[in-house]
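For reference, target.csv is printed below; it contains CSV, C-alpha atoms and all ligand atoms.
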chain,number,residue,atom,x,y,z
A,35,MET,CA,36.0,146.5,117.8
A,36,GLY,CA,38.8,144.4,116.5
A,37,SER,CA,38.5,141.8,119.1
A,38,THR,CA,34.7,141.5,118.5
A,39,ALA,CA,35.3,140.9,114.8
A,40,ALA,CA,37.9,138.2,115.7
A,41,VAL,CA,35.4,136.5,117.9
A,42,VAL,CA,32.7,136.6,115.3
A,43,THR,CA,35.0,135.3,112.6
A,44,ALA,CA,36.5,132.6,114.7
A,45,ALA,CA,33.2,131.2,115.8
A,46,LEU,CA,31.4,131.6,112.5
A,47,VAL,CA,29.8,128.3,111.4
A,48,PRO,CA,27.5,127.6,108.5
A,49,THR,CA,24.3,127.5,110.5
A,50,CYS,CA,24.9,131.0,111.9
A,51,ALA,CA,22.3,132.2,114.4
A,52,ALA,CA,21.3,128.8,115.6
A,53,ALA,CA,24.9,127.8,116.1
A,54,TRP,CA,25.5,131.0,118.0
A,55,LEU,CA,22.9,130.0,120.6
A,56,VAL,CA,24.5,126.6,121.0
A,57,TRP,CA,28.0,128.0,121.2
A,58,GLY,CA,26.8,130.6,123.7
A,59,ALA,CA,25.2,128.1,125.9
A,60,THR,CA,28.2,125.8,126.0
A,61,GLY,CA,30.9,128.5,126.1
A,62,ASP,CA,33.4,128.9,128.8
A,63,PRO,CA,31.6,130.6,131.8
A,64,SER,CA,34.7,132.7,132.4
A,65,ASP,CA,34.0,134.4,129.0
A,66,GLN,CA,30.4,135.4,129.8
A,67,GLY,CA,30.9,139.0,128.9
A,68,ARG,CA,31.8,138.2,125.4
A,69,ASP,CA,29.2,135.5,125.1
A,70,ARG,CA,26.5,138.0,126.0
A,71,ALA,CA,27.6,140.3,123.3
A,72,VAL,CA,27.2,137.7,120.6
A,73,PRO,CA,23.4,137.3,120.6
A,74,GLU,CA,23.1,141.1,120.3
A,75,SER,CA,25.2,141.2,117.2
A,76,VAL,CA,23.3,138.3,115.7
A,77,ALA,CA,20.0,140.0,116.5
A,78,ALA,CA,21.2,143.0,114.5
A,79,LEU,CA,21.6,140.9,111.4
A,80,PRO,CA,19.0,140.9,108.7
A,81,SER,CA,17.1,137.7,108.9
A,82,GLY,CA,17.1,135.0,106.3
A,83,ARG,CA,20.1,135.8,104.2
A,84,MET,CA,23.7,135.4,105.1
A,85,SER,CA,26.8,136.5,103.4
A,86,ALA,CA,29.2,135.1,105.9
A,87,PRO,CA,32.7,134.1,104.8
A,88,ALA,CA,33.3,130.4,104.6
A,89,ARG,CA,34.6,128.6,107.7
A,90,GLY,CA,38.3,128.9,108.1
A,91,THR,CA,38.7,132.2,106.4
A,92,SER,CA,40.1,135.0,108.4
A,93,ASP,CA,38.6,137.8,106.3
A,94,ALA,CA,37.6,140.1,109.1
A,95,LYS,CA,36.9,142.9,106.5
A,96,ALA,CA,33.7,141.0,105.3
A,97,PRO,CA,31.4,140.9,108.3
A,98,MET,CA,28.3,138.9,107.5
A,99,SER,CA,25.8,141.8,107.7
A,100,THR,CA,27.4,144.3,105.3
A,101,LYS,CA,25.9,143.2,101.9
A,102,PRO,CA,22.6,141.4,102.7
A,103,LEU,CA,21.3,142.1,99.1
A,104,ALA,CA,24.4,141.0,97.2
A,105,GLY,CA,23.3,139.3,94.0
A,106,ARG,CA,19.8,140.7,94.1
A,107,VAL,CA,18.6,142.9,91.2
A,108,VAL,CA,16.1,145.8,91.9
A,109,VAL,CA,14.6,148.0,89.2
A,110,LEU,CA,13.5,151.5,90.2
A,111,ASP,CA,11.1,153.2,87.9
A,112,PRO,CA,11.0,157.0,88.5
A,113,GLY,CA,7.6,158.0,87.3
A,114,HIS,CA,7.3,160.3,84.3
A,115,ASN,CA,10.3,162.3,83.1
A,116,PRO,CA,11.2,165.9,83.8
A,117,THR,CA,11.3,166.8,80.1
A,118,ASN,CA,8.2,164.9,79.0
A,119,ASN,CA,6.4,168.3,78.7
A,120,ARG,CA,8.7,169.2,75.8
A,121,HIS,CA,7.6,166.1,73.9
A,122,THR,CA,3.9,166.0,74.2
A,123,SER,CA,3.1,164.4,70.9
A,124,ALA,CA,5.7,161.7,71.3
A,125,ILE,CA,4.4,160.7,74.8
A,126,ALA,CA,0.8,160.8,73.5
A,127,ARG,CA,1.5,157.8,71.2
A,128,LYS,CA,-0.8,154.9,72.3
A,129,VAL,CA,0.7,151.6,73.5
A,130,ASP,CA,-1.0,148.3,74.1
A,131,ILE,CA,-1.4,147.3,77.8
A,132,GLY,CA,-3.7,144.4,77.3
A,133,THR,CA,-6.8,145.9,78.9
A,134,ALA,CA,-6.6,149.0,76.8
A,135,ARG,CA,-4.5,151.3,74.6
A,136,LYS,CA,-2.9,154.0,76.7
A,137,GLU,CA,-0.6,157.0,76.3
A,138,CYS,CA,3.1,156.1,76.1
A,139,ASP,CA,3.8,158.3,79.1
A,140,THR,CA,2.4,161.4,80.8
A,141,THR,CA,3.9,164.6,82.2
A,142,GLY,CA,2.8,163.8,85.8
A,143,THR,CA,1.5,166.3,88.3
A,144,ALA,CA,3.1,169.1,90.3
A,145,THR,CA,2.6,171.0,93.5
A,146,ASN,CA,0.7,174.3,93.2
A,147,ALA,CA,4.0,176.1,93.5
A,148,GLY,CA,5.3,174.2,90.5
A,149,TYR,CA,7.6,171.5,91.9
A,150,PRO,CA,7.1,168.7,89.3
A,151,GLU,CA,6.3,165.1,90.2
A,152,ALA,CA,9.0,164.0,87.7
A,153,SER,CA,11.6,165.8,89.8
A,154,TYR,CA,10.3,164.3,93.0
A,155,THR,CA,10.3,160.7,91.6
A,156,LEU,CA,13.9,161.0,90.3
A,157,ASP,CA,15.2,162.5,93.5
A,158,VAL,CA,13.6,159.9,95.7
A,159,SER,CA,14.6,157.0,93.4
A,160,ARG,CA,18.2,158.2,93.5
A,161,ARG,CA,18.2,158.3,97.3
A,162,VAL,CA,16.7,154.7,97.3
A,163,ARG,CA,19.4,153.5,95.0
A,164,LYS,CA,22.1,154.8,97.3
A,165,ILE,CA,20.7,152.9,100.3
A,166,LEU,CA,20.1,149.7,98.3
A,167,ALA,CA,23.5,149.8,96.6
A,168,ALA,CA,25.1,150.1,100.1
A,169,ARG,CA,23.3,146.9,101.0
A,170,GLY,CA,24.8,145.2,98.0
A,171,ALA,CA,21.9,145.2,95.5
A,172,THR,CA,22.3,145.8,91.8
A,173,VAL,CA,20.0,148.7,91.1
A,174,LYS,CA,18.8,149.6,87.6
A,175,PHE,CA,16.6,152.6,86.6
A,176,THR,CA,14.1,152.8,83.8
A,177,GLN,CA,15.3,156.4,83.3
A,178,ASP,CA,17.8,158.5,85.2
A,179,GLY,CA,17.1,161.9,83.7
A,180,ASN,CA,19.1,160.8,80.7
A,181,ARG,CA,16.3,160.5,78.1
A,182,ALA,CA,14.4,163.2,76.2
A,183,TYR,CA,11.1,161.7,77.2
A,184,GLY,CA,9.6,158.5,78.6
A,185,PRO,CA,10.4,155.7,78.4
A,186,CYS,CA,6.9,154.5,77.4
A,187,ILE,CA,5.0,152.5,80.0
A,188,ASP,CA,5.5,149.3,78.0
A,189,GLU,CA,9.2,149.8,77.8
A,190,ARG,CA,9.3,150.6,81.5
A,191,ALA,CA,7.8,147.2,82.2
A,192,ARG,CA,10.2,145.5,79.8
A,193,ILE,CA,13.2,146.9,81.5
A,194,GLY,CA,12.2,145.2,84.7
A,195,ASN,CA,11.4,142.0,82.9
A,196,ASN,CA,14.7,141.9,81.0
A,197,ALA,CA,16.6,142.6,84.1
A,198,LYS,CA,14.9,139.6,85.7
A,199,ALA,CA,14.4,141.9,88.7
A,200,ALA,CA,13.6,140.4,92.1
A,201,ALA,CA,11.5,143.5,92.7
A,202,VAL,CA,10.4,146.6,90.8
A,203,VAL,CA,9.0,149.8,92.4
A,204,SER,CA,7.6,152.6,90.4
A,205,VAL,CA,7.8,155.9,92.3
A,206,HIS,CA,5.1,158.5,92.0
A,207,ALA,CA,3.2,161.2,93.8
A,208,ASP,CA,-0.4,161.8,93.2
A,209,GLY,CA,-2.3,164.9,92.0
A,210,SER,CA,-5.7,164.9,93.7
A,211,ALA,CA,-7.9,167.5,95.4
A,212,ALA,CA,-6.7,169.5,98.4
A,213,GLY,CA,-7.7,167.7,101.6
A,214,ASN,CA,-6.9,164.3,100.2
A,215,ARG,CA,-3.8,163.3,101.9
A,216,GLY,CA,-1.4,160.4,102.5
A,217,PHE,CA,0.4,157.7,100.6
A,218,HIS,CA,-0.8,154.5,98.9
A,219,VAL,CA,0.7,151.5,97.2
A,220,ILE,CA,-0.8,150.2,94.0
A,221,LEU,CA,-0.8,146.4,93.4
A,222,PRO,CA,-1.4,144.6,90.1
A,223,ALA,CA,-4.9,143.1,89.7
A,224,SER,CA,-4.9,139.6,88.3
A,225,VAL,CA,-5.2,140.3,84.6
A,226,HIS,CA,-5.0,137.9,81.7
A,227,LYS,CA,-5.9,139.7,78.5
A,228,GLY,CA,-4.0,140.2,75.3
A,229,VAL,CA,-0.4,141.2,76.1
A,230,ALA,CA,-1.3,141.5,79.8
A,231,ASP,CA,-0.7,138.6,82.1
A,232,THR,CA,-0.1,139.3,85.8
A,233,ARG,CA,-1.3,136.0,87.2
A,234,ALA,CA,2.1,134.9,88.3
A,235,ILE,CA,3.0,138.2,90.0
A,236,THR,CA,-0.1,139.2,91.9
A,237,LYS,CA,0.9,137.3,95.1
A,238,PRO,CA,4.6,138.3,95.3
A,239,SER,CA,3.6,141.8,94.3
A,240,ARG,CA,1.1,142.0,97.2
A,241,ALA,CA,3.9,140.9,99.6
A,242,LEU,CA,6.2,143.5,98.2
A,243,GLY,CA,3.4,146.1,98.5
A,244,ILE,CA,2.6,145.3,102.1
A,245,ALA,CA,6.3,145.5,103.1
A,246,LEU,CA,6.6,148.8,101.2
A,247,ARG,CA,3.5,150.2,102.9
A,248,ASP,CA,4.6,149.2,106.4
A,249,HIS,CA,8.1,150.5,106.1
A,250,PHE,CA,7.1,153.7,104.3
A,251,LYS,CA,4.7,154.4,107.1
A,252,LYS,CA,7.3,153.7,109.7
A,253,ALA,CA,10.1,155.7,108.1
A,254,THR,CA,8.0,158.8,107.2
A,255,GLY,CA,5.5,158.8,110.0
A,256,THR,CA,2.8,159.7,107.5
A,257,LYS,CA,-0.5,158.0,107.2
A,258,PRO,CA,-2.0,155.9,104.5
A,259,SER,CA,-4.2,157.7,102.0
A,260,ASN,CA,-7.5,159.1,103.4
A,261,TYR,CA,-9.1,159.0,99.9
A,262,ILE,CA,-8.0,155.7,98.3
A,263,GLY,CA,-7.8,152.2,99.8
A,264,GLY,CA,-10.1,152.7,102.8
A,265,GLY,CA,-7.2,153.4,105.1
A,266,THR,CA,-5.3,150.3,104.1
A,267,GLY,CA,-2.7,152.2,102.1
A,268,LEU,CA,-3.3,149.6,99.3
A,269,ASP,CA,-5.1,149.9,96.0
A,270,VAL,CA,-5.5,147.2,93.2
A,271,ARG,CA,-5.6,148.3,89.6
A,272,ASN,CA,-5.9,146.7,86.2
A,273,ASP,CA,-5.4,149.8,84.1
A,274,LEU,CA,-1.7,150.5,84.5
A,275,GLY,CA,0.6,149.3,81.7
A,276,GLY,CA,3.6,149.3,84.0
A,277,LEU,CA,1.8,146.6,86.1
A,278,ASN,CA,-0.1,144.7,83.4
A,279,LEU,CA,3.0,144.1,81.4
A,280,SER,CA,5.3,143.2,84.2
A,281,ARG,CA,6.4,139.6,84.6
A,282,VAL,CA,8.3,140.2,87.8
A,283,PRO,CA,7.0,141.4,91.2
A,284,LYS,CA,6.1,145.1,90.8
A,285,VAL,CA,4.1,147.8,92.6
A,286,PHE,CA,3.7,151.6,92.3
A,287,ILE,CA,3.9,153.9,95.3
A,288,GLU,CA,2.1,157.2,95.4
A,289,CYS,CA,4.0,158.9,98.1
A,290,GLY,CA,1.5,161.7,98.8
A,291,ASN,CA,-0.8,164.2,97.2
A,292,MET,CA,1.2,167.0,95.6
A,293,ARG,CA,-2.0,169.2,95.3
A,294,ASP,CA,-2.6,169.2,99.0
A,295,PRO,CA,-0.7,172.0,100.7
A,296,LYS,CA,0.4,169.8,103.7
A,297,ASP,CA,1.5,166.9,101.6
A,298,ALA,CA,3.2,169.4,99.2
A,299,ALA,CA,5.2,170.7,102.2
A,300,LEU,CA,6.4,167.1,102.7
A,301,VAL,CA,7.4,166.2,99.2
A,302,THR,CA,9.3,169.5,98.7
A,303,SER,CA,11.4,168.9,101.8
A,304,ALA,CA,14.7,167.1,101.1
A,305,ALA,CA,14.7,165.7,104.7
A,306,TRP,CA,11.3,164.2,104.1
A,307,ARG,CA,12.3,162.8,100.8
A,308,GLN,CA,15.2,161.0,102.5
A,309,LYS,CA,12.7,159.5,104.9
A,310,ALA,CA,10.5,158.4,102.0
A,311,ALA,CA,13.5,156.8,100.3
A,312,GLN,CA,14.5,155.1,103.5
A,313,GLY,CA,11.0,153.6,103.8
A,314,ILE,CA,11.0,152.4,100.2
A,315,ALA,CA,14.5,150.9,100.5
A,316,ASP,CA,13.6,149.2,103.8
A,317,GLY,CA,10.3,147.8,102.3
A,318,ILE,CA,12.2,146.4,99.3
A,319,THR,CA,14.9,145.0,101.6
A,320,ALA,CA,12.3,143.3,103.9
A,321,TYR,CA,10.5,141.8,101.0
A,322,LEU,CA,13.7,140.5,99.4
A,323,GLU,CA,14.8,139.0,102.8
A,324,GLY,CA,11.4,137.2,103.1
A,325,ARG,CA,10.4,139.3,106.1
A,326,GLY,CA,7.2,140.4,104.3
B,1,ZN,ZN,2.8,159.7,88.5
Since I need it in another form, could you write the structure as structure tokens?
Ligand code: ZN
Amino acid sequence: MGSTAAVVTAALVPTCAAAWLVWGATGDPSDQGRDRAVPESVAALPSGRMSAPARGTSDAKAPMSTKPLAGRVVVLDPGHNPTNNRHTSAIARKVDIGTARKECDTTGTATNAGYPEASYTLDVSRRVRKILAARGATVKFTQDGNRAYGPCIDERARIGNNAKAAAVVSVHADGSAAGNRGFHVILPASVHKGVADTRAITKPSRALGIALRDHFKKATGTKPSNYIGGGTGLDVRNDLGGLNLSRVPKVFIECGNMRDPKDAALVTSAAWRQKAAQGIADGITAYLEGRG
């Protein structure tokens, strides 16, 4: 692979893929084998962003595809908190979300066998962080199992805003009736009331949500919800503080219905949670790279 890297580095020019095509077309015919290999390596690159070394450098250790999300900030919001249930009065405090006053936080749901949503959300979020960090993103959490309770939904939104996040994803799983299955992504409605103002984020949040839906579906092989969103896998809400108070693109994902036995079997499987994390990470990546 050393010689391939040398070819890539030597021929690297600022216009990248387009230049490859020109270079390939005018290259020495005696070198066709190597020329043919070039478009394949270019095709494997994430579109849009490039982190190529400057012309003239010989830093073969920094191939252009390793850190496509370098410099991007992503906030992950693991829904609820595993120890919220020990602080019921603290999380019951009401906070202002513009359209209403709502509980600071809730305990979340659980499977019938007792696997808590809050454990699920933390586990999946940590798996997502690993994937995104490997792609160069700066990943921040609203909580990492390091707080007694919460944070409250208004603080969760503030954490994303203060981080000036390029994207925020709040990770959840639903607690609906058995037979209701599948995942859905919740998008912010356009709200302008009191402290809520989502007008500037509805469009980018929708793009983020669609990318998340598509990649989650692909990575997990599971279907969009059969009980919310009419099969689109998308829902729009104006009653979630985490969305109403966000000033940066943000969506929630409800990864499945923990109260349905078949969905419960998925969320309690570490292998499936890895797929879920892959789908979320790939959706965020696609959105950040402008691939929708
Ligand atoms: Zn939840």
For ligand ZN 1 (chain B), return the neighbouring residues as a compact mmCIF listing (two decimals) with C-alpha atoms, in the coordinates of the input (distance at most 6 Å; only C-alpha atoms and all ligand atoms).
# COMPACT_ATOMS: atom_id res chain seq x y z
CA GLY A 113 7.60 158.00 87.30
CA GLY A 142 2.80 163.80 85.80
CA HIS A 206 5.10 158.50 92.00
CA ALA A 207 3.20 161.20 93.80
- Item | Atomic distance atom CA of A:Val225 - atom CA of A:Cys289, expressed in Å with one decimal | 24.8 Å
- Message: Restricting the calculation to all atoms listed in the file: of A:Gly290, A:Pro102, A:Gly194, A:Pro295, which residue gets closest to A:Arg307?
- Response: A:Gly290
Which residues of stretch 159-193 of chain A come within 10 Å of stretch 118-124 of chain A, and what is each one's closest atom pair and distance in Å (one decimal), counting all atoms listed in the file, sorted by chain and residue number, as CSV?
residue,atom,partner,partner_atom,distance
A:Arg181,CA,A:Asn118,CA,9.3
A:Ala182,CA,A:Asn118,CA,7.0
A:Tyr183,CA,A:Asn118,CA,4.7
A:Gly184,CA,A:Asn118,CA,6.6
A:Pro185,CA,A:Asn118,CA,9.5
A:Cys186,CA,A:Ala124,CA,9.5
- Message: List as a PyMOL selection string the protein and nucleic acid residues near A:Thr266, meaning an atom at most 10 Å away when all atoms listed in the file are counted, but skip any in the same chain fewer than 4 places from it.
- Response: chain A and resi 217-219+244+247+257-260+262
Would you mind exporting C-alpha atoms of the selected residues as a compact mmCIF listing (two decimals), in the frame of the given file?
# COMPACT_ATOMS: atom_id res chain seq x y z
CA PHE A 217 0.40 157.70 100.60
CA HIS A 218 -0.80 154.50 98.90
CA VAL A 219 0.70 151.50 97.20
CA ILE A 244 2.60 145.30 102.10
CA ARG A 247 3.50 150.20 102.90
CA LYS A 257 -0.50 158.00 107.20
CA PRO A 258 -2.00 155.90 104.50
CA SER A 259 -4.20 157.70 102.00
CA ASN A 260 -7.50 159.10 103.40
CA ILE A 262 -8.00 155.70 98.30
- Task: Could you check which of A:His114, A:Arg160, A:His249, A:Lys101 is closest to A:Tyr321, using all atoms listed in the file?
- Result: A:His249
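If all atoms listed in the file are the atoms counted, then among A:Ile235, A:Leu110, A:Ala223, A:Met292 the closest residue to A:Ile193 is A:Leu110.
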- Task: Would you kindly identify which residues have an atom no farther than 12 Å from (6.9, 153.1, 106.7), using only C-alpha atoms and the file's own coordinates, and write them out as JSON, numbers by chain?
- Result: {"A": [216, 217, 218, 219, 243, 244, 245, 246, 247, 248, 249, 250, 251, 252, 253, 254, 255, 256, 257, 258, 267, 287, 289, 309, 310, 311, 312, 313, 314, 315, 316, 317, 318, 320]}
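Nearest to A:Gly324 of all the residues A:Leu268, A:Arg192, A:Ala241, A:Pro150 is A:Ala241, based on all atoms listed in the file.
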- Rank nothing, just name the residue among A:Val158, A:Ala234, A:Val173, A:Ile125 nearest to A:Ala304, using all atoms listed in the file. A:Val158
- Item | Nearest candidate to A:Asn278 (options A:Thr140, A:Asn146, A:Ser239, A:Asn214; using only C-alpha atoms) | A:Ser239
- Shell around A:Leu156 at 10 Å using only C-alpha atoms, local window under 4 positions removed, as a ChimeraX atom specification: /A:110-116,151-152,160-162,175,177-179,205-206
- Query: Which distance in Å separates atom CA of A:Val108 and atom CA of A:Gly275, to one decimal?
  - Reply: 18.9 Å
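Rounded to one decimal, atom CA of A:Asp269 and atom CA of A:Asn196 lie 26.1 Å from each other.
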